[in-house]
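Below: coords38.cif (mmCIF, C-alpha atoms (C1' of nucleotides))
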```cif
data_final
loop_
_atom_site.label_atom_id
_atom_site.label_comp_id
_atom_site.auth_asym_id
_atom_site.auth_seq_id
_atom_site.Cartn_x
_atom_site.Cartn_y
_atom_site.Cartn_z
CA MET A 1 -11.30 -9.22 -0.51
CA ALA A 2 -9.04 -6.43 0.65
CA HIS A 3 -6.86 -6.56 3.74
CA TRP A 4 -5.94 -3.86 6.21
CA LEU A 5 -4.03 -3.04 9.33
CA LEU A 6 -5.53 -1.09 12.21
CA LYS A 7 -3.42 0.53 14.90
CA SER A 8 -4.54 0.82 18.47
CA GLU A 9 -2.77 1.67 21.67
CA PRO A 10 -3.29 -1.40 23.85
CA ASP A 11 -3.35 0.70 27.00
CA VAL A 12 -6.44 2.35 25.55
CA PHE A 13 -7.97 -0.49 23.55
CA SER A 14 -6.23 -3.82 23.04
CA PHE A 15 -7.10 -6.84 20.96
CA ALA A 16 -8.23 -8.53 24.17
CA ASP A 17 -10.57 -5.57 24.71
CA LEU A 18 -12.00 -6.14 21.24
CA GLN A 19 -12.53 -9.81 22.07
CA ARG A 20 -14.45 -8.78 25.18
CA ALA A 21 -16.44 -6.15 23.30
CA GLY A 22 -17.42 -8.43 20.42
CA VAL A 23 -18.14 -5.62 17.99
CA GLU A 24 -16.63 -2.18 18.18
CA PRO A 25 -17.06 1.01 16.18
CA TRP A 26 -13.65 2.12 14.92
CA ASN A 27 -14.14 5.78 15.60
CA GLY A 28 -11.86 8.73 16.15
CA VAL A 29 -9.90 8.50 12.90
CA ARG A 30 -9.12 12.12 11.98
CA ASN A 31 -6.69 11.76 9.12
CA TYR A 32 -7.97 12.02 5.57
CA GLN A 33 -5.80 9.26 4.17
CA ALA A 34 -6.82 6.86 6.92
CA ARG A 35 -10.43 7.90 6.49
CA ASN A 36 -10.28 7.16 2.79
CA PHE A 37 -9.03 3.67 3.55
CA LEU A 38 -11.89 3.18 6.04
CA ARG A 39 -14.30 4.11 3.27
CA GLN A 40 -12.83 1.46 1.01
CA MET A 41 -13.46 -1.30 3.52
CA ALA A 42 -16.09 -3.91 2.81
CA VAL A 43 -17.92 -6.23 5.17
CA ASN A 44 -15.80 -9.34 5.88
CA ASP A 45 -12.51 -7.67 4.98
CA LEU A 46 -9.80 -8.92 7.32
CA CYS A 47 -7.69 -6.53 9.35
CA PHE A 48 -4.56 -7.06 11.39
CA PHE A 49 -4.89 -5.54 14.82
CA TYR A 50 -1.66 -3.73 15.63
CA HIS A 51 -0.58 -2.58 19.08
CA SER A 52 1.19 0.78 18.88
CA SER A 53 2.83 3.09 21.41
CA THR A 54 3.60 0.27 23.77
CA LYS A 55 6.65 -1.54 25.07
CA VAL A 56 6.69 -4.09 22.27
CA PRO A 57 4.62 -2.85 19.35
CA GLY A 58 3.35 -5.48 16.92
CA VAL A 59 0.48 -7.43 15.42
CA ALA A 60 -1.71 -9.07 18.05
CA GLY A 61 -4.68 -10.45 16.17
CA VAL A 62 -7.02 -10.47 13.22
CA ALA A 63 -10.33 -8.65 13.11
CA ARG A 64 -12.91 -8.38 10.42
CA VAL A 65 -15.15 -5.65 9.19
CA ARG A 66 -18.74 -6.08 10.26
CA ARG A 67 -20.18 -2.86 8.92
CA ALA A 68 -18.92 -0.66 6.10
CA ALA A 69 -18.17 3.01 6.59
CA TYR A 70 -20.81 5.24 8.16
CA PRO A 71 -20.59 8.63 9.87
CA ASP A 72 -18.49 8.77 13.03
CA ASN A 73 -20.91 10.15 15.63
CA LEU A 74 -18.11 11.62 17.75
CA GLN A 75 -17.50 14.38 15.23
CA PHE A 76 -20.82 15.89 16.32
CA GLU A 77 -20.25 15.48 20.07
CA PRO A 78 -18.94 18.80 21.42
CA SER A 79 -17.64 17.09 24.56
CA SER A 80 -15.61 14.56 22.58
CA PRO A 81 -11.93 15.04 21.83
CA TYR A 82 -12.91 13.94 18.32
CA PHE A 83 -15.46 16.73 17.90
CA ASP A 84 -15.09 18.59 14.62
CA ALA A 85 -17.03 21.85 14.51
CA GLY A 86 -16.33 22.16 10.80
CA SER A 87 -17.96 18.90 9.77
CA PRO A 88 -21.20 19.51 7.86
CA PRO A 89 -24.02 17.38 9.34
CA ASP A 90 -25.48 16.82 5.88
CA ASN A 91 -22.12 15.62 4.59
CA PRO A 92 -20.10 14.31 7.54
CA ARG A 93 -16.37 14.64 7.19
CA TRP A 94 -15.37 11.57 9.25
CA SER A 95 -16.32 7.94 8.93
CA MET A 96 -15.98 4.80 10.98
CA VAL A 97 -16.50 1.09 10.44
CA ASP A 98 -17.51 -1.64 12.88
CA VAL A 99 -15.03 -4.42 13.49
CA ALA A 100 -15.21 -7.72 15.36
CA PRO A 101 -12.43 -10.01 16.57
CA LEU A 102 -11.67 -13.07 14.48
CA THR A 103 -8.67 -14.64 16.15
CA GLU A 104 -5.65 -13.79 18.20
CA LEU A 105 -2.34 -14.46 16.48
CA PRO A 106 -0.95 -17.67 17.97
CA ARG A 107 2.42 -15.95 17.85
CA PHE A 108 2.59 -12.20 18.50
CA LEU A 109 4.62 -10.52 15.76
CA SER A 110 6.69 -7.60 16.94
CA LEU A 111 7.43 -4.66 14.68
CA ASP A 112 11.07 -5.56 15.07
CA GLU A 113 10.45 -9.03 13.70
CA LEU A 114 8.32 -7.75 10.83
CA ARG A 115 11.11 -5.38 9.87
CA GLY A 116 13.35 -8.37 9.31
CA VAL A 117 11.07 -10.05 6.78
CA PRO A 118 12.17 -9.29 3.21
CA GLU A 119 8.69 -9.89 1.76
CA LEU A 120 7.33 -7.10 3.97
CA GLY A 121 9.68 -4.39 2.80
CA GLY A 122 6.82 -2.69 0.98
CA LEU A 123 4.49 -2.64 3.96
CA ARG A 124 3.82 0.92 5.01
CA LEU A 125 4.02 -0.10 8.63
CA VAL A 126 7.73 -0.83 8.43
CA GLN A 127 8.62 2.21 6.41
CA LYS A 128 10.20 5.28 7.93
CA GLY A 129 7.97 7.97 9.32
CA ASN A 130 4.83 5.93 8.94
CA ARG A 131 2.03 7.43 11.00
CA LEU A 132 -1.10 6.16 9.33
CA SER A 133 -3.44 4.41 11.74
CA VAL A 134 -5.32 2.60 8.98
CA LEU A 135 -3.35 1.15 6.12
CA PRO A 136 -3.77 -1.37 3.33
CA VAL A 137 -2.04 -4.75 3.32
CA SER A 138 -1.57 -6.65 0.07
CA ASP A 139 -2.78 -10.23 -0.33
CA GLU A 140 0.80 -11.44 -0.30
CA GLU A 141 1.71 -9.41 2.78
CA PHE A 142 -1.39 -10.68 4.49
CA ARG A 143 -0.49 -14.29 3.79
CA VAL A 144 3.11 -13.82 4.96
CA ILE A 145 2.11 -12.16 8.22
CA ALA A 146 -0.67 -14.63 8.95
CA GLU A 147 1.59 -17.62 8.42
CA LEU A 148 4.44 -16.10 10.42
CA GLY A 149 1.94 -15.51 13.20
CA GLY A 150 1.00 -19.17 13.22
CA LEU A 151 -2.35 -18.97 11.47
CA THR A 152 -3.31 -21.52 8.86
CA LEU A 153 -5.19 -20.32 5.85
CA ASP A 154 -8.03 -22.55 7.02
CA ALA A 155 -8.28 -20.56 10.21
CA LEU A 156 -8.91 -17.46 8.15
CA ASN A 157 -11.20 -19.09 5.63
CA VAL A 158 -14.24 -18.44 7.76
CA HIS A 159 -17.86 -18.06 6.90
CA PRO A 160 -18.92 -14.59 5.87
CA VAL A 161 -21.15 -12.79 8.31
"C1'" DG B 1 0.30 28.97 -3.32
"C1'" DC B 2 4.28 29.12 -0.21
"C1'" DC B 3 6.10 27.99 4.01
"C1'" DA B 4 6.97 28.66 9.05
"C1'" DA B 5 4.87 27.36 13.17
"C1'" DC B 6 2.60 24.16 15.56
"C1'" DG B 7 0.45 19.71 17.00
"C1'" DT B 8 0.47 14.73 16.83
"C1'" DT B 9 2.17 10.13 16.19
"C1'" DG B 10 4.80 6.53 17.68
"C1'" DG B 11 9.37 4.17 18.02
"C1'" DC B 12 13.04 4.18 20.94
"C1'" DG C 1 10.70 11.65 28.00
"C1'" DC C 2 12.92 12.58 23.61
"C1'" DC C 3 12.62 13.60 19.04
"C1'" DA C 4 12.06 12.56 13.94
"C1'" DA C 5 8.55 12.50 10.71
"C1'" DC C 6 4.61 14.15 9.02
"C1'" DG C 7 -0.03 16.64 8.64
"C1'" DT C 8 -2.44 20.87 9.33
"C1'" DT C 9 -3.03 25.72 9.96
"C1'" DG C 10 -2.84 30.33 8.82
"C1'" DG C 11 -0.27 34.63 7.62
"C1'" DC C 12 1.35 36.70 3.70
#
```
Here is the file; what I need is its structure written in the form of structure tokens.
Amino acid sequence: MAHWLLKSEPDVFSFADLQRAGVEPWNGVRNYQARNFLRQMAVNDLCFFYHSSTKVPGVAGVARVRRAAYPDNLQFEPSSPYFDAGSPPDNPRWSMVDVAPLTELPRFLSLDELRGVPELGGLRLVQKGNRLSVLPVSDEEFRVIAELGGLTLDALNVHPV
DNA sequence: GCCAACGTTGGC
DNA sequence: GCCAACGTTGGC
């Protein structure tokens, strides 16, 4: 199973919002690299839910993929800020996945704290100039972050959906 | 294909 | 609100 990190501005859509929503289409990604990662996601993959552009940015929870990549409908909605007139309907340019909340992190992990963890030096999130909103997390990085956040491996060893 | 201009992201 | 970093656009 692969692991990922998804960024969201909590003022727009927080982890608590995801918990209320239950399942949410992760739409609006308009960066090719991020899109390619979305397309690599499989059902049941676990994703850290990261709060960006906020007072204390950091990892707030864990979500999981409920539906693999399919066309992002907003690219065909002229009224949407995510509309893309150049996307061919027979070969849509942009994809989205559906995600559902799994669990909040018992201990919120700020970006500042993550930066201080030697094992996470390779994480794209903590590297300079990182702007990707969807990024891969290695198995080892996933374990380190989950444990730092107060999650037992049991808590994450959930039944597939 | 180069690269300057521009827009966006996101930490601070 | 500032600005560094980075991606995209478009003229040439």
Within 10 Å of DC6 in chain C using only C-alpha atoms (C1' of nucleotides), minus same-chain residues under 5 positions, as a list in words: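 Close residues of DC6 in chain C: Gly129, Asn130, Arg131 and Leu132 of chain A; DT8 and DT9 of chain B.
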Which centre and edge lengths in Å to one decimal define the box along x, y and z that fits every listed atom of range 3-11 of chain B plus 5 Å per side, as AutoDock Vina command-line options?
```
--center_x 4.9 --center_y 16.4 --center_z 11.0 --size_x 18.9 --size_y 34.5 --size_z 24.0
```
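Atom pair CA of Pro81 in chain A / CA of Val29 in chain A: separated by 11.3 Å.
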I need the contact residues of chain A against chain B, so if you could list those with any atom within 12 Å, counting only C-alpha atoms (C1' of nucleotides), and return them as an MDAnalysis selection string, that would help. chainID A and resid 7:9 30:31 51:58 111:112 125:133
Just C-alpha atoms for this one: save the residues we selected as a CSV table (one decimal), in the coordinates of the input.
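Contents of out37.csv, freshly written:
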```
chain,number,residue,atom,x,y,z
A,7,LYS,CA,-3.4,0.5,14.9
A,8,SER,CA,-4.5,0.8,18.5
A,9,GLU,CA,-2.8,1.7,21.7
A,30,ARG,CA,-9.1,12.1,12.0
A,31,ASN,CA,-6.7,11.8,9.1
A,51,HIS,CA,-0.6,-2.6,19.1
A,52,SER,CA,1.2,0.8,18.9
A,53,SER,CA,2.8,3.1,21.4
A,54,THR,CA,3.6,0.3,23.8
A,55,LYS,CA,6.6,-1.5,25.1
A,56,VAL,CA,6.7,-4.1,22.3
A,57,PRO,CA,4.6,-2.8,19.4
A,58,GLY,CA,3.4,-5.5,16.9
A,111,LEU,CA,7.4,-4.7,14.7
A,112,ASP,CA,11.1,-5.6,15.1
A,125,LEU,CA,4.0,-0.1,8.6
A,126,VAL,CA,7.7,-0.8,8.4
A,127,GLN,CA,8.6,2.2,6.4
A,128,LYS,CA,10.2,5.3,7.9
A,129,GLY,CA,8.0,8.0,9.3
A,130,ASN,CA,4.8,5.9,8.9
A,131,ARG,CA,2.0,7.4,11.0
A,132,LEU,CA,-1.1,6.2,9.3
A,133,SER,CA,-3.4,4.4,11.7
```
Restricting the calculation to only C-alpha atoms: of A:Gly22, A:Pro160, A:Pro89, A:Gly61, which residue gets closest to Pro10 in chain A? A:Gly61
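Shell of Gln33 in chain A at 9 Å, with all atoms listed in the file counted and residues fewer than 3 places along the chain excluded, is Arg30, Asn36, Phe37, Leu38, Leu132, Val134 and Leu135 of chain A.
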Within 12 Å of Val23 in chain A, counting all atoms listed in the file, which residues qualify if same-chain residues fewer than 5 places away don't, as a ChimeraX atom specification? /A:15,17-18,63-67,97-102
Written file, previous selection with C-alpha atoms, as a PDB file, in the frame of the given file:
```pdb
ATOM      1  CA  PHE A  15      -7.100  -6.840  20.960  1.00  0.00           C
ATOM      2  CA  ASP A  17     -10.570  -5.570  24.710  1.00  0.00           C
ATOM      3  CA  LEU A  18     -12.000  -6.140  21.240  1.00  0.00           C
ATOM      4  CA  ALA A  63     -10.330  -8.650  13.110  1.00  0.00           C
ATOM      5  CA  ARG A  64     -12.910  -8.380  10.420  1.00  0.00           C
ATOM      6  CA  VAL A  65     -15.150  -5.650   9.190  1.00  0.00           C
ATOM      7  CA  ARG A  66     -18.740  -6.080  10.260  1.00  0.00           C
ATOM      8  CA  ARG A  67     -20.180  -2.860   8.920  1.00  0.00           C
ATOM      9  CA  VAL A  97     -16.500   1.090  10.440  1.00  0.00           C
ATOM     10  CA  ASP A  98     -17.510  -1.640  12.880  1.00  0.00           C
ATOM     11  CA  VAL A  99     -15.030  -4.420  13.490  1.00  0.00           C
ATOM     12  CA  ALA A 100     -15.210  -7.720  15.360  1.00  0.00           C
ATOM     13  CA  PRO A 101     -12.430 -10.010  16.570  1.00  0.00           C
ATOM     14  CA  LEU A 102     -11.670 -13.070  14.480  1.00  0.00           C
TER      15      LEU A 102
END
```
Figure out the distance between CA of Ser138 in chain A and CA of Asp72 in chain A, please, to one decimal in Å.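 Computing the Euclidean distance for CA of Asp72 in chain A and CA of Ser138 in chain A yields 26.3 Å.
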Do you have, as CSV, the list of residues of range 39-113 of chain A lying at most 6 Å from range 145-154 of chain A, each with its nearest atom pair and that distance in Å to one decimal, counting all atoms listed in the file and ordered by chain then number?
```
residue,atom,partner,partner_atom,distance
A:Leu105,CA,A:Gly149,CA,5.5
A:Pro106,CA,A:Gly150,CA,5.3
A:Arg107,CA,A:Gly149,CA,4.7
```
